[in-house]
Each structure stands twice: as C-alpha cells, then as structure tokens.
file final.txt (compact mmCIF, C-alpha atoms and all ligand atoms)
# COMPACT_ATOMS: atom_id res chain seq x y z
CA MET F 1427 6.65 -5.20 22.15
CA LEU F 1428 5.82 -4.14 18.60
CA GLU F 1429 6.93 -7.21 16.67
CA THR F 1430 4.41 -8.29 14.07
CA ALA F 1431 4.31 -11.69 12.37
CA PHE F 1432 3.92 -11.46 8.60
CA GLN F 1433 3.83 -14.76 6.72
CA ASP F 1434 7.02 -16.62 7.68
CA TYR F 1435 8.79 -13.48 8.95
CA THR F 1436 8.49 -11.28 12.04
CA PHE F 1437 9.00 -7.57 11.47
CA GLN F 1438 10.35 -5.59 14.44
CA SER F 1439 7.98 -2.72 13.69
CA PRO F 1440 4.53 -2.84 12.02
CA LEU F 1441 5.15 0.44 10.20
CA MET F 1442 6.35 0.99 6.64
CA ASN F 1443 5.89 3.56 3.88
CA ALA F 1444 2.99 3.46 1.45
CA SER F 1445 4.14 2.83 -2.11
CA GLY F 1446 4.69 6.08 -3.95
CA VAL F 1447 5.84 8.07 -0.94
CA HIS F 1448 9.56 8.54 -0.20
CA CYS F 1449 10.50 5.52 -2.33
CA MET F 1450 11.36 6.76 -5.83
CA THR F 1451 15.17 6.90 -5.58
CA THR F 1452 17.91 4.87 -3.88
CA GLU F 1453 18.53 7.83 -1.55
CA GLU F 1454 14.91 7.78 -0.40
CA LEU F 1455 14.89 3.97 -0.10
CA ASN F 1456 18.12 4.07 1.95
CA GLU F 1457 16.53 6.63 4.28
CA LEU F 1458 13.59 4.27 4.80
CA ALA F 1459 15.97 1.37 5.41
CA ASN F 1460 17.74 3.45 8.08
CA SER F 1461 14.54 4.68 9.75
CA LYS F 1462 12.37 3.12 12.46
CA ALA F 1463 10.12 1.58 9.79
CA GLY F 1464 9.98 -2.22 9.97
CA THR F 1465 10.51 -2.49 6.21
CA PHE F 1466 9.71 -0.52 3.03
CA VAL F 1467 8.05 -0.76 -0.38
CA THR F 1468 9.28 0.66 -3.69
CA LYS F 1469 7.36 3.05 -5.92
CA SER F 1470 5.14 0.94 -8.23
CA VAL F 1471 7.20 0.01 -11.27
CA THR F 1472 5.87 -0.22 -14.82
CA LYS F 1473 7.54 -2.08 -17.67
CA GLN F 1474 9.26 1.08 -18.95
CA LYS F 1475 10.27 4.02 -16.77
CA ARG F 1476 7.69 6.82 -16.75
CA GLN F 1477 7.75 10.60 -16.34
CA GLY F 1478 4.22 10.53 -14.94
CA ASN F 1479 1.65 13.29 -15.17
CA PRO F 1480 2.41 17.04 -15.61
CA GLU F 1481 2.94 19.12 -12.46
CA PRO F 1482 1.54 20.35 -10.14
CA ARG F 1483 0.41 16.80 -9.39
CA TYR F 1484 0.55 16.68 -5.56
CA TYR F 1485 -1.05 19.05 -3.03
CA GLU F 1486 -1.42 18.99 0.77
CA THR F 1487 -4.10 20.37 3.08
CA ASP F 1488 -4.37 20.27 6.88
CA PHE F 1489 -6.44 17.10 6.55
CA GLY F 1490 -4.57 15.17 3.89
CA SER F 1491 -3.49 15.23 0.27
CA ILE F 1492 -4.55 14.93 -3.33
CA ASN F 1493 -2.27 13.41 -5.99
CA SER F 1494 -2.28 12.49 -9.62
CA MET F 1495 1.33 11.40 -10.07
CA GLY F 1496 0.56 9.05 -12.96
CA LEU F 1497 2.97 6.26 -11.95
CA PRO F 1498 6.27 8.07 -12.46
CA ASN F 1499 9.05 5.57 -11.76
CA LEU F 1500 12.63 4.83 -12.73
CA GLY F 1501 11.80 1.44 -14.24
CA PHE F 1502 11.95 -2.21 -13.24
CA ASP F 1503 15.75 -2.65 -13.53
CA TYR F 1504 16.49 0.36 -11.31
CA TYR F 1505 14.49 -1.05 -8.39
CA LEU F 1506 15.51 -4.67 -8.94
CA ASP F 1507 19.19 -3.67 -8.92
CA TYR F 1508 18.66 -1.72 -5.71
CA LEU F 1509 16.82 -4.56 -3.99
CA LYS F 1510 19.36 -7.20 -5.07
CA LYS F 1511 22.14 -5.08 -3.52
CA HIS F 1512 20.02 -4.31 -0.45
CA GLN F 1513 19.16 -7.92 0.33
CA LYS F 1514 22.88 -8.79 0.29
CA ILE F 1515 23.44 -6.51 3.31
CA ALA F 1516 20.08 -6.73 5.11
CA SER F 1517 18.01 -9.77 6.08
CA THR F 1518 14.66 -7.99 6.52
CA PRO F 1519 12.44 -8.80 3.54
CA VAL F 1520 11.24 -5.72 1.61
CA PHE F 1521 8.37 -5.07 -0.77
CA PHE F 1522 8.56 -4.59 -4.55
CA SER F 1523 5.50 -2.80 -5.96
CA VAL F 1524 4.42 -3.61 -9.52
CA ALA F 1525 1.75 -1.58 -11.30
CA SER F 1526 0.00 -2.56 -14.44
CA MET F 1527 -0.40 -0.39 -17.48
CA ASN F 1528 -1.92 -3.43 -19.13
CA MET F 1529 -2.20 -7.13 -18.42
CA GLN F 1530 0.64 -8.14 -20.76
CA ASP F 1531 3.15 -5.73 -19.23
CA ASN F 1532 2.07 -6.93 -15.79
CA ILE F 1533 2.73 -10.55 -16.62
CA GLU F 1534 6.08 -9.78 -18.28
CA THR F 1535 7.27 -7.77 -15.27
CA LEU F 1536 6.18 -10.45 -12.82
CA LYS F 1537 7.88 -13.17 -14.90
CA ARG F 1538 11.15 -11.23 -14.72
CA LEU F 1539 10.68 -10.82 -10.97
CA GLU F 1540 9.94 -14.53 -10.55
CA ASP F 1541 13.14 -15.41 -12.42
CA SER F 1542 15.21 -12.90 -10.44
CA GLU F 1543 17.01 -13.40 -7.12
CA PHE F 1544 14.60 -10.99 -5.38
CA ARG F 1545 13.54 -12.65 -2.09
CA GLY F 1546 11.01 -10.21 -0.64
CA PHE F 1547 7.28 -9.60 -0.96
CA THR F 1548 5.63 -8.40 -4.19
CA GLU F 1549 2.80 -5.86 -4.01
CA LEU F 1550 0.70 -5.98 -7.19
CA ASN F 1551 -0.90 -2.54 -7.51
CA LEU F 1552 -4.37 -3.03 -9.00
CA SER F 1553 -5.64 0.36 -7.94
CA CYS F 1554 -3.80 3.36 -9.39
CA PRO F 1555 -6.55 5.95 -10.02
CA ASN F 1556 -4.37 8.42 -11.89
CA VAL F 1557 -3.49 7.12 -15.35
CA PRO F 1558 -5.76 9.12 -17.69
CA GLY F 1559 -8.08 6.82 -19.57
CA LYS F 1560 -7.19 3.79 -17.43
CA PRO F 1561 -9.80 2.49 -14.96
CA GLN F 1562 -8.70 1.04 -11.62
CA VAL F 1563 -8.26 -2.66 -12.40
CA ALA F 1564 -9.63 -3.84 -9.06
CA TYR F 1565 -13.03 -2.24 -9.73
CA ASP F 1566 -13.41 -4.79 -12.53
CA PHE F 1567 -13.88 -8.08 -10.67
CA GLU F 1568 -13.73 -10.26 -13.79
CA THR F 1569 -10.43 -8.73 -14.95
CA THR F 1570 -9.01 -9.00 -11.43
CA GLU F 1571 -9.78 -12.72 -11.31
CA LYS F 1572 -8.28 -13.20 -14.79
CA ILE F 1573 -5.05 -11.40 -13.83
CA LEU F 1574 -4.65 -13.33 -10.56
CA THR F 1575 -5.31 -16.65 -12.32
CA GLU F 1576 -2.59 -15.84 -14.86
CA VAL F 1577 -0.17 -14.54 -12.21
CA PHE F 1578 -0.47 -17.58 -9.95
CA SER F 1579 -0.01 -19.92 -12.91
CA PHE F 1580 3.72 -19.08 -12.74
CA PHE F 1581 4.50 -16.77 -9.78
CA THR F 1582 5.71 -18.67 -6.70
CA LYS F 1583 7.14 -15.88 -4.52
CA PRO F 1584 4.97 -14.25 -1.80
CA LEU F 1585 2.60 -11.77 -3.46
CA GLY F 1586 -0.22 -9.51 -2.32
CA VAL F 1587 -2.49 -6.98 -3.97
CA LYS F 1588 -2.97 -3.23 -3.34
CA LEU F 1589 -6.68 -2.54 -3.55
CA PRO F 1590 -8.75 0.60 -4.02
CA PRO F 1591 -11.42 1.39 -1.43
CA TYR F 1592 -14.79 -0.35 -1.84
CA PHE F 1593 -17.97 1.27 -0.53
CA ASP F 1594 -20.56 -1.49 -0.83
CA LEU F 1595 -20.82 -4.58 1.42
CA VAL F 1596 -21.75 -6.72 -1.60
CA HIS F 1597 -18.52 -5.60 -3.28
CA PHE F 1598 -16.56 -6.70 -0.17
CA ASP F 1599 -18.28 -10.11 -0.46
CA GLN F 1600 -17.62 -10.42 -4.20
CA MET F 1601 -14.00 -9.31 -3.97
CA ALA F 1602 -13.27 -11.54 -0.97
CA THR F 1603 -14.76 -14.54 -2.80
CA ILE F 1604 -12.33 -13.92 -5.67
CA LEU F 1605 -9.30 -13.23 -3.46
CA ASN F 1606 -9.89 -16.36 -1.36
CA LYS F 1607 -9.36 -18.47 -4.50
CA PHE F 1608 -5.66 -17.52 -4.60
CA PRO F 1609 -2.62 -18.18 -2.36
CA LEU F 1610 -2.15 -14.49 -1.62
CA ALA F 1611 0.27 -13.46 1.11
CA PHE F 1612 -1.63 -10.25 1.82
CA VAL F 1613 -4.19 -7.70 0.77
CA ASN F 1614 -3.28 -4.04 1.20
CA SER F 1615 -6.29 -1.78 1.80
CA ILE F 1616 -6.55 0.97 0.76
CA ASN F 1617 -5.00 2.92 -2.06
CA SER F 1618 -6.01 6.59 -2.27
CA VAL F 1619 -9.72 7.34 -2.64
CA GLY F 1620 -9.81 7.91 -6.38
CA ASN F 1621 -10.81 11.07 -8.21
CA GLY F 1622 -11.51 13.47 -5.41
CA LEU F 1623 -11.34 17.24 -6.00
CA ILE F 1624 -9.75 19.96 -3.87
CA VAL F 1625 -10.54 23.61 -4.64
CA ASP F 1626 -8.42 26.71 -4.03
CA THR F 1627 -11.14 29.27 -3.26
CA GLU F 1628 -8.77 32.23 -3.35
CA LYS F 1629 -7.71 31.40 -6.93
CA GLU F 1630 -11.09 29.77 -7.70
CA GLN F 1631 -9.07 26.98 -9.26
CA VAL F 1632 -8.27 23.29 -8.83
CA VAL F 1633 -4.93 22.54 -7.10
CA ILE F 1634 -3.37 19.92 -9.39
CA LYS F 1635 -2.94 20.01 -13.19
CA PRO F 1636 -3.77 16.46 -14.43
CA LYS F 1637 -7.33 15.37 -15.15
CA GLU F 1638 -8.85 18.85 -14.55
CA GLY F 1639 -7.83 18.61 -10.89
CA PHE F 1640 -9.25 15.17 -10.08
CA GLY F 1641 -6.89 13.00 -8.02
CA GLY F 1642 -6.44 10.37 -5.34
CA ILE F 1643 -7.25 11.54 -1.82
CA GLY F 1644 -5.09 10.50 1.13
CA GLY F 1645 -4.58 11.39 4.79
CA GLN F 1646 -7.09 12.02 7.58
CA TYR F 1647 -9.92 12.41 5.05
CA ILE F 1648 -9.85 8.68 4.24
CA LYS F 1649 -9.27 6.94 7.60
CA PRO F 1650 -12.93 5.81 8.15
CA THR F 1651 -12.98 4.31 4.65
CA ALA F 1652 -9.59 2.67 5.16
CA LEU F 1653 -10.64 1.16 8.52
CA ALA F 1654 -13.85 -0.21 6.99
CA ASN F 1655 -11.92 -1.88 4.15
CA VAL F 1656 -9.32 -3.35 6.55
CA ARG F 1657 -12.11 -4.70 8.79
CA ALA F 1658 -14.28 -6.00 5.93
CA PHE F 1659 -11.45 -8.01 4.37
CA TYR F 1660 -10.11 -9.15 7.74
CA LEU F 1661 -13.53 -10.66 8.49
CA ARG F 1662 -13.95 -12.22 5.01
CA LEU F 1663 -10.52 -13.47 3.90
CA ASN F 1664 -8.84 -16.79 4.73
CA PRO F 1665 -6.67 -16.14 7.80
CA SER F 1666 -3.63 -17.09 5.68
CA ILE F 1667 -4.15 -13.83 3.75
CA GLN F 1668 -2.94 -11.04 6.04
CA ILE F 1669 -4.07 -7.43 5.85
CA ILE F 1670 -1.86 -4.39 5.38
CA GLY F 1671 -3.70 -1.30 6.63
CA THR F 1672 -3.11 1.92 4.69
CA GLY F 1673 -4.99 5.19 4.86
CA GLY F 1674 -5.13 8.03 7.34
CA ILE F 1675 -2.40 6.87 9.75
CA THR F 1676 -0.97 10.04 11.30
CA SER F 1677 -0.59 8.97 14.95
CA GLY F 1678 -0.27 6.07 17.38
CA GLN F 1679 -4.02 6.16 17.82
CA ASP F 1680 -4.65 5.76 14.08
CA ALA F 1681 -2.18 2.87 14.07
CA PHE F 1682 -3.97 1.27 17.03
CA GLU F 1683 -7.32 1.59 15.22
CA HIS F 1684 -5.99 -0.15 12.09
CA LEU F 1685 -4.50 -2.98 14.20
CA LEU F 1686 -7.75 -3.35 16.16
CA CYS F 1687 -9.56 -3.72 12.82
CA GLY F 1688 -7.22 -6.57 11.91
CA ALA F 1689 -4.23 -5.12 10.07
CA SER F 1690 -0.85 -6.83 10.50
CA MET F 1691 1.41 -4.26 8.83
CA LEU F 1692 0.65 -0.55 8.54
CA GLN F 1693 1.63 1.77 5.68
CA ILE F 1694 1.98 5.53 6.05
CA GLY F 1695 1.76 7.77 2.97
CA THR F 1696 0.56 11.36 3.30
CA GLN F 1697 1.90 11.84 6.85
CA LEU F 1698 5.30 10.48 5.74
CA TYR F 1699 5.27 12.96 2.85
CA LYS F 1700 4.47 15.79 5.30
CA GLU F 1701 6.75 14.81 8.21
CA GLY F 1702 9.60 12.76 6.77
CA THR F 1703 10.91 9.48 8.15
CA SER F 1704 10.81 10.71 11.78
CA VAL F 1705 7.09 9.93 11.55
CA PHE F 1706 7.89 6.27 12.17
CA SER F 1707 9.57 6.78 15.57
CA ARG F 1708 6.83 9.23 16.65
CA VAL F 1709 3.97 6.91 15.71
CA LEU F 1710 5.72 3.91 17.28
CA SER F 1711 6.22 5.68 20.61
CA GLU F 1712 2.62 6.91 20.60
CA LEU F 1713 1.40 3.37 19.85
CA GLU F 1714 3.56 1.95 22.66
CA ALA F 1715 2.11 4.51 25.10
CA ILE F 1716 -1.45 3.50 24.15
CA MET F 1717 -0.61 -0.20 24.54
CA ASP F 1718 1.03 0.45 27.94
CA ALA F 1719 -2.01 2.41 29.15
CA LYS F 1720 -4.26 -0.50 28.13
CA GLY F 1721 -2.00 -3.17 29.62
CA TYR F 1722 -1.00 -4.72 26.27
CA SER F 1723 2.60 -5.93 25.89
CA ARG F 1724 2.13 -7.39 22.39
CA ILE F 1725 0.08 -6.43 19.33
CA GLU F 1726 -1.31 -9.98 19.11
CA GLN F 1727 -3.20 -9.37 22.37
CA PHE F 1728 -5.62 -6.98 20.64
CA ARG F 1729 -5.09 -7.27 16.88
CA GLY F 1730 -8.41 -7.84 15.10
CA ASN F 1731 -10.41 -7.74 18.36
CA LEU F 1732 -12.68 -4.83 17.44
CA LYS F 1733 -15.94 -5.27 19.29
CA THR F 1734 -19.43 -4.62 17.93
CA PHE F 1735 -22.59 -4.03 19.93
CA GLU F 1736 -24.32 -7.25 21.10
O1 LIG F 1801 -1.53 3.66 -7.07
C1 LIG F 1801 -1.34 4.88 -7.00
N1 LIG F 1801 -2.03 5.61 -6.11
C2 LIG F 1801 -1.94 6.95 -6.04
O2 LIG F 1801 -2.65 7.58 -5.24
N2 LIG F 1801 -1.05 7.60 -6.86
C3 LIG F 1801 -0.10 6.87 -7.58
C4 LIG F 1801 0.25 7.52 -8.90
O3 LIG F 1801 -0.51 8.38 -9.38
O4 LIG F 1801 1.29 7.10 -9.45
N3 LIG F 1801 -0.44 5.51 -7.80
call {"tool": "encode", "arguments": {"input": "final.txt", "output": "structure tokens", "more": "lines below"}}
Ligand SMILES: O=C1NC(=O)NC(C(=O)O)N1
result
Amino acid sequence: MLETAFQDYTFQSPLMNASGVHCMTTEELNELANSKAGTFVTKSVTKQKRQGNPEPRYYETDFGSINSMGLPNLGFDYYLDYLKKHQKIASTPVFFSVASMNMQDNIETLKRLEDSEFRGFTELNLSCPNVPGKPQVAYDFETTEKILTEVFSFFTKPLGVKLPPYFDLVHFDQMATILNKFPLAFVNSINSVGNGLIVDTEKEQVVIKPKEGFGGIGGQYIKPTALANVRAFYLRLNPSIQIIGTGGITSGQDAFEHLLCGASMLQIGTQLYKEGTSVFSRVLSELEAIMDAKGYSRIEQFRGNLKTFE
C-alpha cells in the first residue's frame, strides 16, 4: 500500500525524520529505527563534533518552530560507528547527513565516507541557515556547482543534496540546470526557511538567543513554500533524481500533498519534535485513509500527478 521506490530500493513507508530532529544520539536513532518510519537520517555531521549555538536555540508555536541550533553534533566517527553496527542487523538503507563548515572539511568527510563500509544514502546539507557568519551554500550557485563537481570526482555511493527554499522561478531554473549535470540520487527540498523571527509580545523579546533571535522556520508556516520547491524541482530535474519532500508535514493530508507534487520520500521535522515517533504511525494511517477514500491502492497511482488549470 505505502511502499515507495527510491533508487534501487523500496521503502515500506515513505516517512522518515528530517535531519536534526530526534537523530542526535544512538538512543534517538534506535527509536527511529524501531518506529513506523521507513528509514531515518542522522543529524548533519561536521568534521569535528560541535556544541552548536547557545541556548535557548529552539522554540515552538502552534504553527511551527524556529531554531538556530548551529549544527551541534557528536562528530563523524560517532555516527559512522552507529551506522556500521546498524547495517549489520538491518537491511533497510539509512541516510547519513553531512554538513559543510567549509569546502575542504566537506571533501575530507565525504572521502572518509566513500572509503568506509557505509552502504546507505548520503545527504549533503548545503543549506544550514544557522552558523553565524556562514551563508547558505546553496544560495551561491557557482560554489554549489564547484562543490558537486569536486564531490562527484571521487564519491561513488548514492548521494543527494538538502536544499534551502528558493522563491524565484529563475532560481529554480538555474539550480535545476546545475543539479541535472550530476548523478544525484535525490534532492531534498526544503530545509527550514532561513532567518525568520518570532516575537514574545508578553516579554517584548525574541524567543531564541543566537543571532539576535533570527532562525530557521519550520512547521505549518512553511508548507506552501515546501510544496512549491518539491513541485518546481520535480518538474525540472531528470527523472533519475528523486525528490524528498520536507516542510510542514503534520498530517496524512500534508503527506498526500507532498506526494501529489512529486515527492518520493517524506521527512518530518517540527511535528516529530512536538509529537515524538508516534507521529509516523498517525500520519501513515491518515494517508492510507485518504488513499482509500480516493480509490488509490498505491502511491505510484497519484505521485506527481498534480493538475493545473487548462
Ligand atoms: O541545516 C540545518 N537546518 C536547520 O534548520 N537547523 C540546523 C542547525 O542549526 O544545526 N541545520
């Protein structure tokens, strides 16, 4: 019913966590592995482990979240050790997220991953909005092309990129032209909408400490932007490059919308943070109910088939 083909594998469920949420420690990763998620992704690793930004650095509202974590992570070896052990007992491929503090660190980390026995998918995070003084790589098209050229000169395992939201149709065209030059396994749209601001009117204060309160926005606030990015890249990329839809998935309906726009796998961030791993079984059953009501027995019957007006 809910199987979803992804490159040369078929996941039993299209749902997984968004990198950064519920995936920092082995305990959290084990909980994901034992949930109704089809697979999981690690917190983005950097070359050295990082404390991340000062707290408070995450805040929730009824409509979503704001975060400026600053890429806290336990380091490359911690996650590689976990995944090497995990893939000895489980056949489902998982995702290893790699962030870049700079191009050199990126390349070094990916070279170590290439030489390792890791057999899953690699998600190259080109879109963290929360490292003070560091722009989101994927807003610099020239640098993005340079990095991907260097990466694919040695990296042979399946790899995709985590992109920030774009807001201009010409940017979709320009980015898709670059991405189509490379043998990418997937594109994951979107990362949080960078540098939003949430205000506590009672305290007349921002709600997170880093960057004077500016942080990445997630949750219901960003679903229309996420759907547009999923659809825009689905329509522009070589069909061999699949889309992971991320942003604003809180229900079976949101999941259905992302799939209709062309997503193959779906990542849940803010709602997973709020609800815990039971979110996966709830969203799956809601999605199944919608598919039943519409007479669909498989996702492939409607995936990508969003209609426009004649
Ligand atoms: O890529 C990222 N996106 C976010 O919204 N936050 C994290 C972070 O700040 O580490 N990284």
call {"tool": "axis_aligned_box", "arguments": {"input": "final.txt", "around": "ligand LIG 1801 (chain F)", "padding_each_side": "8 Å", "output": "lines of an AutoDock Vina configuration file"}}
result
center_x = -0.7
center_y = 6.0
center_z = -7.3
size_x = 19.9
size_y = 20.7
size_z = 20.2
call {"tool": "atom_distance", "arguments": {"input": "final.txt", "atom1": "atom CA of Lys1473 of chain F", "atom2": "atom CA of Pro1498 of chain F"}}
result
11.5 Å
call {"tool": "closest_atom_pairs", "arguments": {"input": "final.txt", "of": "chain F", "to": "ligand LIG 1801 (chain F)", "cutoff": "7 Å", "atoms": "all atoms listed in the file", "output": "Markdown table"}}
result
| residue | atom | partner | partner_atom | distance |
| --- | --- | --- | --- | --- |
| F:Gly1446 | CA | F:LIG1801 | C3 | 6.1 |
| F:Asn1493 | CA | F:LIG1801 | O2 | 5.9 |
| F:Ser1494 | CA | F:LIG1801 | O3 | 4.5 |
| F:Met1495 | CA | F:LIG1801 | O3 | 3.6 |
| F:Gly1496 | CA | F:LIG1801 | O3 | 3.8 |
| F:Leu1497 | CA | F:LIG1801 | O4 | 3.1 |
| F:Pro1498 | CA | F:LIG1801 | O4 | 5.9 |
| F:Asn1551 | CA | F:LIG1801 | O1 | 6.2 |
| F:Ser1553 | CA | F:LIG1801 | O1 | 5.3 |
| F:Cys1554 | CA | F:LIG1801 | O1 | 3.3 |
| F:Pro1555 | CA | F:LIG1801 | N1 | 6.0 |
| F:Asn1556 | CA | F:LIG1801 | O3 | 4.6 |
| F:Val1557 | CA | F:LIG1801 | O3 | 6.8 |
| F:Asn1617 | CA | F:LIG1801 | N1 | 5.7 |
| F:Ser1618 | CA | F:LIG1801 | O2 | 4.6 |
| F:Gly1642 | CA | F:LIG1801 | O2 | 4.7 |
| F:Ile1643 | CA | F:LIG1801 | O2 | 7.0 |
call {"tool": "write_last_selection", "arguments": {"input": "final.txt", "atoms": "C-alpha atoms", "output": "short mmCIF file (atom, residue, chain, number, x, y, z; two decimals), in the coordinates of the input"}}
result
data_model
loop_
_atom_site.label_atom_id
_atom_site.label_comp_id
_atom_site.auth_asym_id
_atom_site.auth_seq_id
_atom_site.Cartn_x
_atom_site.Cartn_y
_atom_site.Cartn_z
CA GLY F 1446 4.69 6.08 -3.95
CA ASN F 1493 -2.27 13.41 -5.99
CA SER F 1494 -2.28 12.49 -9.62
CA MET F 1495 1.33 11.40 -10.07
CA GLY F 1496 0.56 9.05 -12.96
CA LEU F 1497 2.97 6.26 -11.95
CA PRO F 1498 6.27 8.07 -12.46
CA ASN F 1551 -0.90 -2.54 -7.51
CA SER F 1553 -5.64 0.36 -7.94
CA CYS F 1554 -3.80 3.36 -9.39
CA PRO F 1555 -6.55 5.95 -10.02
CA ASN F 1556 -4.37 8.42 -11.89
CA VAL F 1557 -3.49 7.12 -15.35
CA ASN F 1617 -5.00 2.92 -2.06
CA SER F 1618 -6.01 6.59 -2.27
CA GLY F 1642 -6.44 10.37 -5.34
CA ILE F 1643 -7.25 11.54 -1.82
#
call {"tool": "closest_residue", "arguments": {"input": "final.txt", "among": "F:Pro1519, F:Gly1644, F:Pro1480, F:Gly1639", "to": "Ala1459 of chain F", "atoms": "all atoms listed in the file"}}
result
F:Pro1519
call {"tool": "atom_distance", "arguments": {"input": "final.txt", "atom1": "atom CA of Gly1501 of chain F", "atom2": "atom CA of Ser1517 of chain F"}}
result
24.0 Å
call {"tool": "residues_near_point", "arguments": {"input": "final.txt", "point": "(12.6, 3.7, -15.9)", "cutoff": "12 Å", "atoms": "all atoms listed in the file", "output": "ChimeraX atom specification"}}
result
/F:1450-1451,1469-1478,1497-1506
call {"tool": "residues_around", "arguments": {"input": "final.txt", "residues": "Asn1731 of chain F", "least_positions_apart": "4", "cutoff": "12 Å", "atoms": "all atoms listed in the file", "output": "list of chain:residue names"}}
result
F:Arg1657, F:Tyr1660, F:Leu1661, F:Phe1682, F:Glu1683, F:His1684, F:Leu1685, F:Leu1686, F:Cys1687, F:Gly1688, F:Ala1689, F:Ile1725, F:Glu1726, F:Gln1727
call {"tool": "residues_around", "arguments": {"input": "final.txt", "residues": "Pro1584 of chain F", "least_positions_apart": "5", "cutoff": "7 Å", "atoms": "all atoms listed in the file", "output": "list in words"}}
result
Phe1547, Thr1548 and Ala1611 of chain F
call {"tool": "residues_around", "arguments": {"input": "final.txt", "residues": "Thr1703 of chain F", "least_positions_apart": "4", "cutoff": "7 Å", "atoms": "only C-alpha atoms", "output": "ChimeraX atom specification"}}
result
/F:1458,1461,1698
call {"tool": "closest_residue", "arguments": {"input": "final.txt", "among": "F:Tyr1565, F:Phe1521, F:Phe1580, F:Tyr1592", "to": "Gly1464 of chain F", "atoms": "all atoms listed in the file"}}
result
F:Phe1521
call {"tool": "residues_around", "arguments": {"input": "final.txt", "residues": "Lys1510 of chain F", "least_positions_apart": "6", "cutoff": "10 Å", "atoms": "only C-alpha atoms", "output": "ChimeraX atom specification"}}
result
/F:1542-1546
call {"tool": "write_last_selection", "arguments": {"input": "final.txt", "atoms": "C-alpha atoms", "output": "PDB file, in the frame of the given file"}}
result
ATOM      1  CA  SER F1542      15.210 -12.900 -10.440  1.00  0.00           C
ATOM      2  CA  GLU F1543      17.010 -13.400  -7.120  1.00  0.00           C
ATOM      3  CA  PHE F1544      14.600 -10.990  -5.380  1.00  0.00           C
ATOM      4  CA  ARG F1545      13.540 -12.650  -2.090  1.00  0.00           C
ATOM      5  CA  GLY F1546      11.010 -10.210  -0.640  1.00  0.00           C
TER       6      GLY F1546
END
call {"tool": "residues_near_point", "arguments": {"input": "final.txt", "point": "(3.6, -17.1, 4.2)", "cutoff": "10 Å", "atoms": "all atoms listed in the file", "output": "ChimeraX atom specification"}}
result
/F:1431-1435,1547,1583-1585,1609-1612,1666-1668
call {"tool": "closest_residue", "arguments": {"input": "final.txt", "among": "F:Gly1586, F:Pro1482, F:Pro1558, F:Pro1591", "to": "Ala1658 of chain F", "atoms": "all atoms listed in the file"}}
result
F:Pro1591
call {"tool": "residues_around", "arguments": {"input": "final.txt", "residues": "Ser1615 of chain F", "least_positions_apart": "4", "cutoff": "7 Å", "atoms": "all atoms listed in the file", "output": "count of residues only"}}
result
10
call {"tool": "atom_distance", "arguments": {"input": "final.txt", "atom1": "atom CA of Pro1636 of chain F", "atom2": "atom CA of Arg1483 of chain F"}}
result
6.6 Å
call {"tool": "closest_residue", "arguments": {"input": "final.txt", "among": "F:Ile1634, F:Ile1604, F:Ala1444, F:Ala1719", "to": "Gly1674 of chain F", "atoms": "only C-alpha atoms"}}
result
F:Ala1444
